[in-house]
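A.B. asks: Contents of input27.txt (compact mmCIF, C-alpha atoms and all ligand atoms):
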```txt
# COMPACT_ATOMS: atom_id res chain seq x y z
CA MET A 1 19.89 -19.98 -25.34
CA PRO A 2 18.37 -16.47 -25.07
CA THR A 3 20.83 -13.59 -25.05
CA SER A 4 21.57 -12.17 -21.60
CA ILE A 5 21.05 -8.43 -21.37
CA HIS A 6 24.80 -8.07 -20.84
CA SER A 7 25.85 -10.22 -23.83
CA PRO A 8 27.48 -8.34 -26.70
CA LEU A 9 25.04 -7.22 -29.38
CA THR A 10 26.59 -8.55 -32.57
CA ARG A 11 23.74 -8.23 -35.09
CA PHE A 12 23.35 -4.46 -34.87
CA ARG A 13 24.90 -1.46 -33.18
CA ALA A 14 23.12 0.02 -30.17
CA GLU A 15 24.23 3.61 -29.66
CA PRO A 16 23.21 4.85 -26.19
CA TYR A 17 20.83 7.78 -26.57
CA SER A 18 21.46 9.12 -23.09
CA PRO A 19 23.50 7.64 -20.23
CA ASN A 20 20.37 6.47 -18.41
CA ILE A 21 17.77 5.44 -20.96
CA GLY A 22 17.38 4.71 -24.66
CA ALA A 23 19.46 3.55 -27.62
CA ILE A 24 19.45 4.17 -31.36
CA ILE A 25 19.69 0.88 -33.22
CA HIS A 26 21.83 0.99 -36.36
CA GLY A 27 22.21 -1.61 -39.07
CA LEU A 28 18.77 -3.25 -39.17
CA ASP A 29 16.08 -3.12 -41.83
CA LEU A 30 12.74 -3.66 -40.11
CA THR A 31 10.95 -4.25 -43.42
CA LYS A 32 12.76 -7.64 -43.43
CA THR A 33 12.14 -10.62 -41.16
CA GLN A 34 14.80 -10.81 -38.46
CA ASP A 35 16.49 -14.12 -37.66
CA GLU A 36 16.25 -15.72 -34.19
CA THR A 37 19.59 -14.39 -32.95
CA THR A 38 18.72 -10.85 -34.00
CA GLN A 39 15.33 -11.15 -32.32
CA ASP A 40 16.95 -12.38 -29.08
CA GLN A 41 19.39 -9.49 -29.20
CA LEU A 42 16.60 -6.98 -29.78
CA ARG A 43 14.72 -8.27 -26.73
CA ALA A 44 17.93 -8.07 -24.70
CA ALA A 45 18.55 -4.52 -25.95
CA LEU A 46 15.03 -3.45 -24.96
CA ALA A 47 15.45 -4.89 -21.46
CA ARG A 48 18.76 -3.07 -21.17
CA PHE A 49 17.93 0.34 -22.71
CA GLU A 50 14.13 0.47 -22.08
CA VAL A 51 13.42 2.33 -25.32
CA LEU A 52 14.90 1.68 -28.77
CA PHE A 53 14.82 4.04 -31.74
CA PHE A 54 15.18 3.04 -35.39
CA ARG A 55 15.48 5.64 -38.16
CA ASN A 56 14.27 5.30 -41.78
CA GLN A 57 12.04 2.25 -41.43
CA PRO A 58 9.20 2.49 -43.99
CA ILE A 59 7.34 -0.52 -42.56
CA ASP A 60 3.85 -1.45 -43.76
CA ALA A 61 1.05 -2.76 -41.51
CA ALA A 62 2.13 -6.42 -41.66
CA GLN A 63 5.77 -5.52 -41.01
CA HIS A 64 4.75 -3.30 -38.09
CA ILE A 65 2.91 -6.22 -36.48
CA GLU A 66 5.85 -8.51 -37.21
CA VAL A 67 8.21 -6.12 -35.39
CA ALA A 68 5.88 -6.08 -32.37
CA GLY A 69 5.82 -9.89 -32.50
CA ILE A 70 9.58 -9.95 -31.88
CA PHE A 71 8.94 -8.53 -28.42
CA GLY A 72 5.62 -10.10 -27.44
CA ASN A 73 2.09 -10.93 -28.50
CA PRO A 74 0.69 -8.08 -30.62
CA ASP A 75 -2.85 -9.34 -30.11
CA GLY A 76 -3.09 -8.16 -26.53
CA ALA A 77 -4.37 -5.14 -24.65
CA LYS A 78 -5.49 -2.13 -26.68
CA ALA A 79 -6.75 1.31 -25.78
CA TYR A 80 -9.69 3.04 -27.52
CA PHE A 81 -7.91 4.70 -30.43
CA PRO A 82 -9.37 4.13 -33.89
CA GLN A 83 -8.02 1.00 -35.56
CA SER A 84 -6.25 1.07 -38.88
CA ASP A 85 -8.20 -0.13 -41.94
CA ALA A 86 -5.10 -2.13 -42.88
CA ASN A 87 -5.20 -4.16 -39.66
CA PRO A 88 -7.23 -3.70 -36.44
CA LEU A 89 -4.15 -4.50 -34.31
CA ILE A 90 -2.78 -1.11 -35.35
CA GLU A 91 -4.04 1.84 -33.33
CA VAL A 92 -4.12 5.17 -35.16
CA ILE A 93 -3.09 8.03 -32.89
CA GLU A 94 -4.04 11.07 -34.88
CA THR A 95 -3.99 14.62 -33.63
CA LYS A 96 -5.71 17.30 -35.64
CA ALA A 97 -7.54 20.54 -35.05
CA GLY A 98 -11.10 19.78 -33.95
CA GLY A 99 -10.30 16.09 -33.32
CA PRO A 100 -10.30 14.36 -29.93
CA ARG A 101 -7.59 15.38 -27.47
CA TYR A 102 -6.17 12.06 -26.37
CA THR A 103 -4.04 13.71 -23.67
CA THR A 104 -1.01 11.62 -24.50
CA ASP A 105 0.71 14.85 -23.42
CA GLN A 106 0.62 13.60 -19.86
CA TRP A 107 3.11 11.14 -18.37
CA HIS A 108 1.60 7.70 -18.67
CA VAL A 109 2.03 3.97 -18.98
CA ASP A 110 -0.19 2.70 -21.81
CA VAL A 111 -3.42 1.16 -20.53
CA SER A 112 -2.16 0.70 -16.97
CA TYR A 113 -5.79 0.48 -15.82
CA LEU A 114 -5.80 -3.15 -17.04
CA ALA A 115 -4.84 -6.04 -14.77
CA ALA A 116 -2.21 -7.00 -17.38
CA PRO A 117 -1.08 -3.85 -19.20
CA PRO A 118 0.91 -4.35 -22.40
CA ALA A 119 4.60 -5.09 -21.88
CA GLY A 120 5.52 -2.61 -24.56
CA ALA A 121 4.63 -0.86 -27.80
CA VAL A 122 5.99 -0.15 -31.28
CA LEU A 123 5.20 3.33 -32.55
CA HIS A 124 5.73 4.29 -36.21
CA ALA A 125 5.75 7.95 -37.31
CA GLN A 126 3.44 8.37 -40.30
CA VAL A 127 2.79 12.09 -40.62
CA LEU A 128 4.63 14.70 -38.59
CA PRO A 129 4.21 18.41 -38.04
CA GLU A 130 6.90 20.67 -39.48
CA SER A 131 8.38 20.91 -36.01
CA GLY A 132 7.51 19.75 -32.51
CA GLY A 133 5.57 16.64 -31.51
CA ASP A 134 8.56 15.00 -29.78
CA THR A 135 8.00 12.11 -27.38
CA LEU A 136 9.78 11.69 -24.05
CA TRP A 137 10.32 8.53 -22.04
CA SER A 138 11.33 8.46 -18.39
CA SER A 139 12.78 5.45 -16.57
CA GLY A 140 11.02 3.87 -13.59
CA ARG A 141 14.23 1.95 -12.86
CA ARG A 142 16.24 5.12 -12.55
CA VAL A 143 13.53 6.69 -10.40
CA TYR A 144 13.66 3.68 -8.08
CA ALA A 145 17.48 3.67 -7.91
CA ALA A 146 17.49 7.35 -6.89
CA LEU A 147 14.87 7.01 -4.14
CA ASP A 148 15.82 7.73 -0.59
CA PRO A 149 16.30 4.22 0.95
CA GLY A 150 13.79 4.99 3.71
CA LEU A 151 11.16 5.92 1.17
CA ALA A 152 11.96 2.88 -1.00
CA ALA A 153 11.42 0.65 2.05
CA ARG A 154 8.13 2.40 2.84
CA LEU A 155 6.85 1.90 -0.72
CA GLU A 156 7.67 -1.80 -0.72
CA GLY A 157 4.43 -3.78 -0.44
CA LEU A 158 2.19 -0.78 -1.22
CA THR A 159 -0.23 -0.92 -4.13
CA ALA A 160 -1.88 1.86 -6.13
CA THR A 161 -5.29 1.95 -7.81
CA HIS A 162 -5.21 2.57 -11.57
CA SER A 163 -8.46 3.65 -13.20
CA ILE A 164 -9.55 4.64 -16.70
CA GLU A 165 -11.79 7.23 -15.04
CA ARG A 166 -8.76 9.36 -14.13
CA SER A 167 -8.04 9.94 -17.80
CA ALA A 168 -9.67 11.75 -20.70
CA TRP A 169 -11.06 8.47 -22.11
CA PRO A 170 -14.51 8.75 -20.48
CA GLU A 171 -15.01 12.20 -22.02
CA ILE A 172 -13.69 11.15 -25.43
CA ILE A 173 -15.79 7.99 -25.58
CA ARG A 174 -18.96 9.72 -24.32
CA SER A 175 -18.66 12.38 -27.02
CA GLN A 176 -18.74 9.73 -29.78
CA GLU A 177 -21.82 8.24 -31.43
CA ASN A 178 -23.59 5.93 -28.92
CA GLY A 179 -20.89 7.03 -26.53
CA GLU A 180 -22.94 6.94 -23.31
CA GLU A 181 -23.94 3.34 -23.89
CA ARG A 182 -20.42 2.35 -24.95
CA PHE A 183 -18.91 3.99 -21.92
CA ARG A 184 -21.37 2.22 -19.60
CA GLN A 185 -20.10 -1.08 -21.00
CA ILE A 186 -16.47 -0.05 -20.78
CA ARG A 187 -16.91 1.11 -17.21
CA ALA A 188 -18.47 -2.23 -16.26
CA GLU A 189 -15.56 -4.11 -17.86
CA ARG A 190 -12.76 -1.81 -16.78
CA VAL A 191 -13.09 -1.80 -13.04
CA PRO A 192 -10.16 -0.11 -11.27
CA VAL A 193 -7.18 -2.39 -10.60
CA SER A 194 -4.37 -2.31 -8.05
CA HIS A 195 -0.74 -2.72 -9.07
CA PRO A 196 2.32 -2.77 -6.81
CA VAL A 197 3.98 0.65 -6.54
CA ILE A 198 7.35 -1.08 -6.74
CA ARG A 199 7.66 -3.90 -9.25
CA SER A 200 10.53 -6.13 -10.32
CA HIS A 201 11.35 -6.03 -14.00
CA PRO A 202 10.25 -9.36 -15.55
CA VAL A 203 13.55 -9.77 -17.45
CA THR A 204 16.23 -8.03 -15.42
CA GLY A 205 14.72 -8.42 -11.94
CA GLU A 206 15.61 -4.77 -11.23
CA LYS A 207 13.15 -2.83 -9.12
CA LEU A 208 11.19 0.01 -10.67
CA VAL A 209 8.53 2.52 -9.68
CA PHE A 210 5.22 1.81 -11.40
CA VAL A 211 2.91 4.82 -11.06
CA ASN A 212 1.75 7.41 -13.58
CA PRO A 213 -0.37 10.54 -13.24
CA LYS A 214 -2.74 9.70 -16.08
CA TYR A 215 -4.24 6.57 -14.57
CA VAL A 216 -3.20 6.29 -10.91
CA ASP A 217 -5.94 7.47 -8.60
CA ARG A 218 -4.41 6.75 -5.20
CA ILE A 219 -2.08 4.65 -3.13
CA ASP A 220 -4.21 2.05 -1.40
CA GLY A 221 -4.58 2.15 2.36
CA LEU A 222 -3.31 5.73 2.80
CA SER A 223 -5.40 8.80 3.52
CA ARG A 224 -6.19 10.86 0.42
CA LYS A 225 -3.81 13.55 1.63
CA ASP A 226 -0.89 11.17 2.31
CA SER A 227 -1.53 9.40 -0.97
CA ASP A 228 -1.62 12.68 -2.94
CA ASN A 229 1.60 13.89 -1.31
CA LEU A 230 3.44 10.67 -1.97
CA LEU A 231 2.23 10.44 -5.56
CA GLU A 232 3.14 14.05 -6.22
CA HIS A 233 6.66 13.30 -5.01
CA LEU A 234 6.96 10.17 -7.18
CA PHE A 235 5.49 11.82 -10.28
CA GLY A 236 7.99 14.64 -9.79
CA GLN A 237 10.89 12.15 -9.91
CA PHE A 238 9.86 11.02 -13.40
CA GLU A 239 10.11 14.64 -14.50
CA ARG A 240 13.84 14.78 -13.81
CA PRO A 241 15.56 15.28 -17.20
CA GLU A 242 18.41 13.00 -16.08
CA PHE A 243 16.08 10.00 -16.28
CA GLN A 244 14.63 10.88 -19.68
CA ALA A 245 15.16 10.43 -23.40
CA ARG A 246 13.47 12.91 -25.74
CA LEU A 247 12.97 11.73 -29.31
CA ARG A 248 12.73 14.10 -32.22
CA TRP A 249 10.73 12.09 -34.72
CA GLU A 250 11.45 11.86 -38.43
CA LYS A 251 9.10 10.25 -40.94
CA ASP A 252 9.46 6.46 -40.60
CA THR A 253 11.20 6.58 -37.24
CA VAL A 254 10.13 3.59 -35.16
CA ALA A 255 10.28 3.57 -31.35
CA VAL A 256 9.90 0.43 -29.25
CA TRP A 257 9.48 0.84 -25.50
CA ASP A 258 9.15 -1.13 -22.35
CA ASN A 259 5.75 -0.12 -21.05
CA LEU A 260 6.31 -1.48 -17.54
CA SER A 261 9.60 0.20 -16.77
CA THR A 262 8.99 3.57 -18.45
CA VAL A 263 6.41 6.32 -18.65
CA HIS A 264 6.08 8.48 -21.77
CA TYR A 265 4.79 11.89 -22.80
CA ALA A 266 3.92 13.12 -26.30
CA VAL A 267 4.59 16.85 -26.47
CA ALA A 268 1.52 18.65 -27.89
CA ASP A 269 3.30 21.83 -28.99
CA TYR A 270 2.38 21.63 -32.68
CA LEU A 271 -1.41 22.05 -32.70
CA PRO A 272 -3.32 22.88 -34.89
CA ALA A 273 -0.86 21.09 -37.20
CA TYR A 274 -1.50 17.44 -38.00
CA ARG A 275 0.39 14.43 -36.60
CA ARG A 276 -0.36 10.74 -37.14
CA MET A 277 1.31 7.77 -35.47
CA HIS A 278 0.57 4.05 -35.77
CA ARG A 279 0.97 1.96 -32.62
CA VAL A 280 0.99 -1.74 -31.93
CA THR A 281 1.14 -2.82 -28.29
CA PHE A 282 2.42 -6.26 -27.29
C1 LIG B 301 1.40 7.01 -26.88
O1 LIG B 301 1.10 7.63 -25.87
O2 LIG B 301 1.47 5.78 -26.89
C2 LIG B 301 1.67 7.77 -28.14
C3 LIG B 301 2.88 8.63 -28.03
C4 LIG B 301 3.06 9.57 -29.18
O3 LIG B 301 2.08 9.85 -29.90
O4 LIG B 301 4.16 10.08 -29.37
```
Please go through the file and, once you have read it, give me the structure as structure tokens.
Ligand code: SIN
C.D. replies:
Amino acid sequence: MPTSIHSPLTRFRAEPYSPNIGAIIHGLDLTKTQDETTQDQLRAALARFEVLFFRNQPIDAAQHIEVAGIFGNPDGAKAYFPQSDANPLIEVIETKAGGPRYTTDQWHVDVSYLAAPPAGAVLHAQVLPESGGDTLWSSGRRVYAALDPGLAARLEGLTATHSIERSAWPEIIRSQENGEERFRQIRAERVPVSHPVIRSHPVTGEKLVFVNPKYVDRIDGLSRKDSDNLLEHLFGQFERPEFQARLRWEKDTVAVWDNLSTVHYAVADYLPAYRRMHRVTF
């Protein structure tokens, strides 16, 4: 029977990272295959803490994909980052002087412009700047729980339009070789989608706020002004430090997050230094 999110975690120690979001997982070696019970407990821990951090995990490409496979199907939705030579399921998120600015330094849910965005992601630190380049996660569950009840009731049943065109992707893709043609195809495939503003977490059933400033264009059915005001208010709630975990990366730190219940932000304070991360979404 799968582990309930409140069952004791016996196969590893989950040290809360902050009272509201995140845990550091101690006592696991992710270069090894995990048994079924450990996998169940990891899924339960992710549902409970929303983002899990593992230190000193020198995983290779196959092990990275295996870790993602604990949580879901790693062969799912991908963004437009370059793919690793070792395996195309691995996205290489590389920031260097003169390279593309992916604007991951904006609160976002990965690929929320898809009808079925990935449930989560596994990010592995490959090369880090001497300092800086932290990543923050903020909890949509905590944002929901802190909403004024009148506002929460008003948001119930509303949907928001998510679009790739809000983001820097069109500019990045267009600037690449054959970019105009490629972007025409992408635009035809990636029509804007509507997602509920309030969703229920697929595992815990808890309600959460599902909007992000990178991809959400508007709340459907409201005037532009009302939509902008409401979104500005909601985006502001995610910025409250009380709902956040800020990770200081070390080489071979691995982070696993719930992409539906959190938004994240990669701090771009280290440029022109180099930083490279490998990501597998699931
Ligand atoms: C991402 O936005 O998925 C990448 C975050 C990071 O580079 O820290």
A.B. asks: Pick the closest to ligand LIG 301 (chain B) from A:Tyr113, A:Trp249, A:Tyr144, A:Phe53: which is it, counting all atoms listed in the file?
C.D. replies: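 Between A:Tyr113, A:Trp249, A:Tyr144, A:Phe53, the residue approaching ligand LIG 301 (chain B) most closely is A:Trp249.
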A.B. asks: Any idea what the distance is between CA of Ala115 (chain A) and CA of Thr161 (chain A)?
C.D. replies: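 Atom-to-atom, CA of Ala115 (chain A) to CA of Thr161 (chain A), that is 10.6 Å.
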A.B. asks: Out of A:Gly72, A:Gly120, A:Pro19, A:Pro100, which residue has the shortest atom-to-atom distance to ligand LIG 301 (chain B) when counting all atoms listed in the file?
C.D. replies: A:Gly120
A.B. asks: Please report, as CSV, each residue of chain A lying at most 9 Å from ligand LIG 301 (chain B), together with the nearest pair of atoms and the separation in Å rounded to one decimal; use only C-alpha atoms and all ligand atoms, and order rows by chain and ascending residue number.
C.D. replies:
```
residue,atom,partner,partner_atom,distance
A:Ile93,CA,B:LIG301,O3,6.2
A:Glu94,CA,B:LIG301,O3,8.0
A:Thr95,CA,B:LIG301,O3,8.6
A:Tyr102,CA,B:LIG301,O1,8.5
A:Thr103,CA,B:LIG301,O1,8.3
A:Thr104,CA,B:LIG301,O1,4.7
A:Asp105,CA,B:LIG301,O1,7.6
A:Gln106,CA,B:LIG301,O1,8.5
A:Trp107,CA,B:LIG301,O1,8.5
A:His108,CA,B:LIG301,O1,7.2
A:Val109,CA,B:LIG301,O1,7.9
A:Asp110,CA,B:LIG301,O2,6.2
A:Ala121,CA,B:LIG301,O2,7.4
A:Val122,CA,B:LIG301,O2,8.7
A:Leu123,CA,B:LIG301,C2,7.2
A:Ala125,CA,B:LIG301,O4,8.4
A:Gly133,CA,B:LIG301,O4,7.0
A:Asp134,CA,B:LIG301,O4,6.6
A:Thr135,CA,B:LIG301,O4,4.8
A:Leu136,CA,B:LIG301,O4,7.9
A:Leu247,CA,B:LIG301,O4,9.0
A:Trp249,CA,B:LIG301,O4,8.7
A:His264,CA,B:LIG301,O1,6.5
A:Tyr265,CA,B:LIG301,O1,6.4
A:Ala266,CA,B:LIG301,O4,4.3
A:Val267,CA,B:LIG301,O4,7.4
A:Arg275,CA,B:LIG301,O3,8.3
A:Arg276,CA,B:LIG301,O3,7.7
A:Met277,CA,B:LIG301,O3,6.0
A:His278,CA,B:LIG301,O3,8.4
A:Arg279,CA,B:LIG301,O2,6.9
A:Thr281,CA,B:LIG301,O2,8.7
```
A.B. asks: Between CA of Ala245 (chain A) and CA of His64 (chain A), what is the distance in Å, rounded to a tenth?
C.D. replies: 22.6 Å
A.B. asks: Tell me which of A:Leu222, A:Ala146, A:Leu128, A:Leu234 sits closest to Leu271 (chain A), counting all atoms listed in the file.
C.D. replies: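 Smallest distance to Leu271 (chain A) is found for A:Leu128.
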A.B. asks: Could you work out how far CA of Ala119 (chain A) lies from CA of Val280 (chain A), giving the answer in Å with one decimal?
C.D. replies: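 It comes out at 11.2 Å.
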A.B. asks: Of the candidates A:Ser7, A:Thr253, A:Ser227, A:Gln34, which shows the shortest atom-to-atom distance to Gln57 (chain A), using all atoms listed in the file?
C.D. replies: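 Nearest to Gln57 (chain A): A:Thr253.
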A.B. asks: Let me make sure I understand: among A:Ala268, A:Ala97, A:Ala273, A:Leu147, which one has the smallest atom-to-atom distance to His233 (chain A) if we use all atoms listed in the file?
C.D. replies: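 Of the candidates, the smallest distance to His233 (chain A) is held by A:Leu147.
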A.B. asks: Can you tell me, as a VMD selection string, what residues are no more than 12 Å from Asp29 (chain A) when counting only C-alpha atoms, ignoring any on the same chain fewer than 5 positions away?
C.D. replies: chain A and resid 11 to 12 34 to 35 38 54 to 59 63 to 64 67 252 to 254
A.B. asks: Quick one: contact table of region 173-241 of chain A to region 164-169 of chain A, 9 Å max, nearest atom pair and distance in Å to one decimal per residue, counting all atoms listed in the file, chain and number order, as a tab-separated table?
C.D. replies:
```
residue	atom	partner	partner_atom	distance
A:Ile173	CA	A:Trp169	CA	5.9
A:Arg174	CA	A:Trp169	CA	8.3
A:Arg187	CA	A:Ile164	CA	8.2
A:Arg190	CA	A:Ile164	CA	7.2
A:Val191	CA	A:Ile164	CA	8.2
A:Pro192	CA	A:Ile164	CA	7.2
A:Pro213	CA	A:Arg166	CA	8.5
A:Lys214	CA	A:Ser167	CA	5.6
A:Tyr215	CA	A:Arg166	CA	5.3
A:Val216	CA	A:Arg166	CA	7.1
A:Asp217	CA	A:Arg166	CA	6.5
```
A.B. asks: Just write the chosen residues, C-alpha atoms, as an mmCIF file, keeping the file's coordinate frame.
C.D. replies:
```
data_model
loop_
_atom_site.group_PDB
_atom_site.id
_atom_site.type_symbol
_atom_site.label_atom_id
_atom_site.label_comp_id
_atom_site.auth_asym_id
_atom_site.auth_seq_id
_atom_site.Cartn_x
_atom_site.Cartn_y
_atom_site.Cartn_z
ATOM 1 C CA ILE A 173 -15.790 7.990 -25.580
ATOM 2 C CA ARG A 174 -18.960 9.720 -24.320
ATOM 3 C CA ARG A 187 -16.910 1.110 -17.210
ATOM 4 C CA ARG A 190 -12.760 -1.810 -16.780
ATOM 5 C CA VAL A 191 -13.090 -1.800 -13.040
ATOM 6 C CA PRO A 192 -10.160 -0.110 -11.270
ATOM 7 C CA PRO A 213 -0.370 10.540 -13.240
ATOM 8 C CA LYS A 214 -2.740 9.700 -16.080
ATOM 9 C CA TYR A 215 -4.240 6.570 -14.570
ATOM 10 C CA VAL A 216 -3.200 6.290 -10.910
ATOM 11 C CA ASP A 217 -5.940 7.470 -8.600
#
```
A.B. asks: Between A:Gln244, A:Thr10, A:Ser84, A:Ser194, single out the one closest to Gln41 (chain A), counting all atoms listed in the file.
C.D. replies: A:Thr10
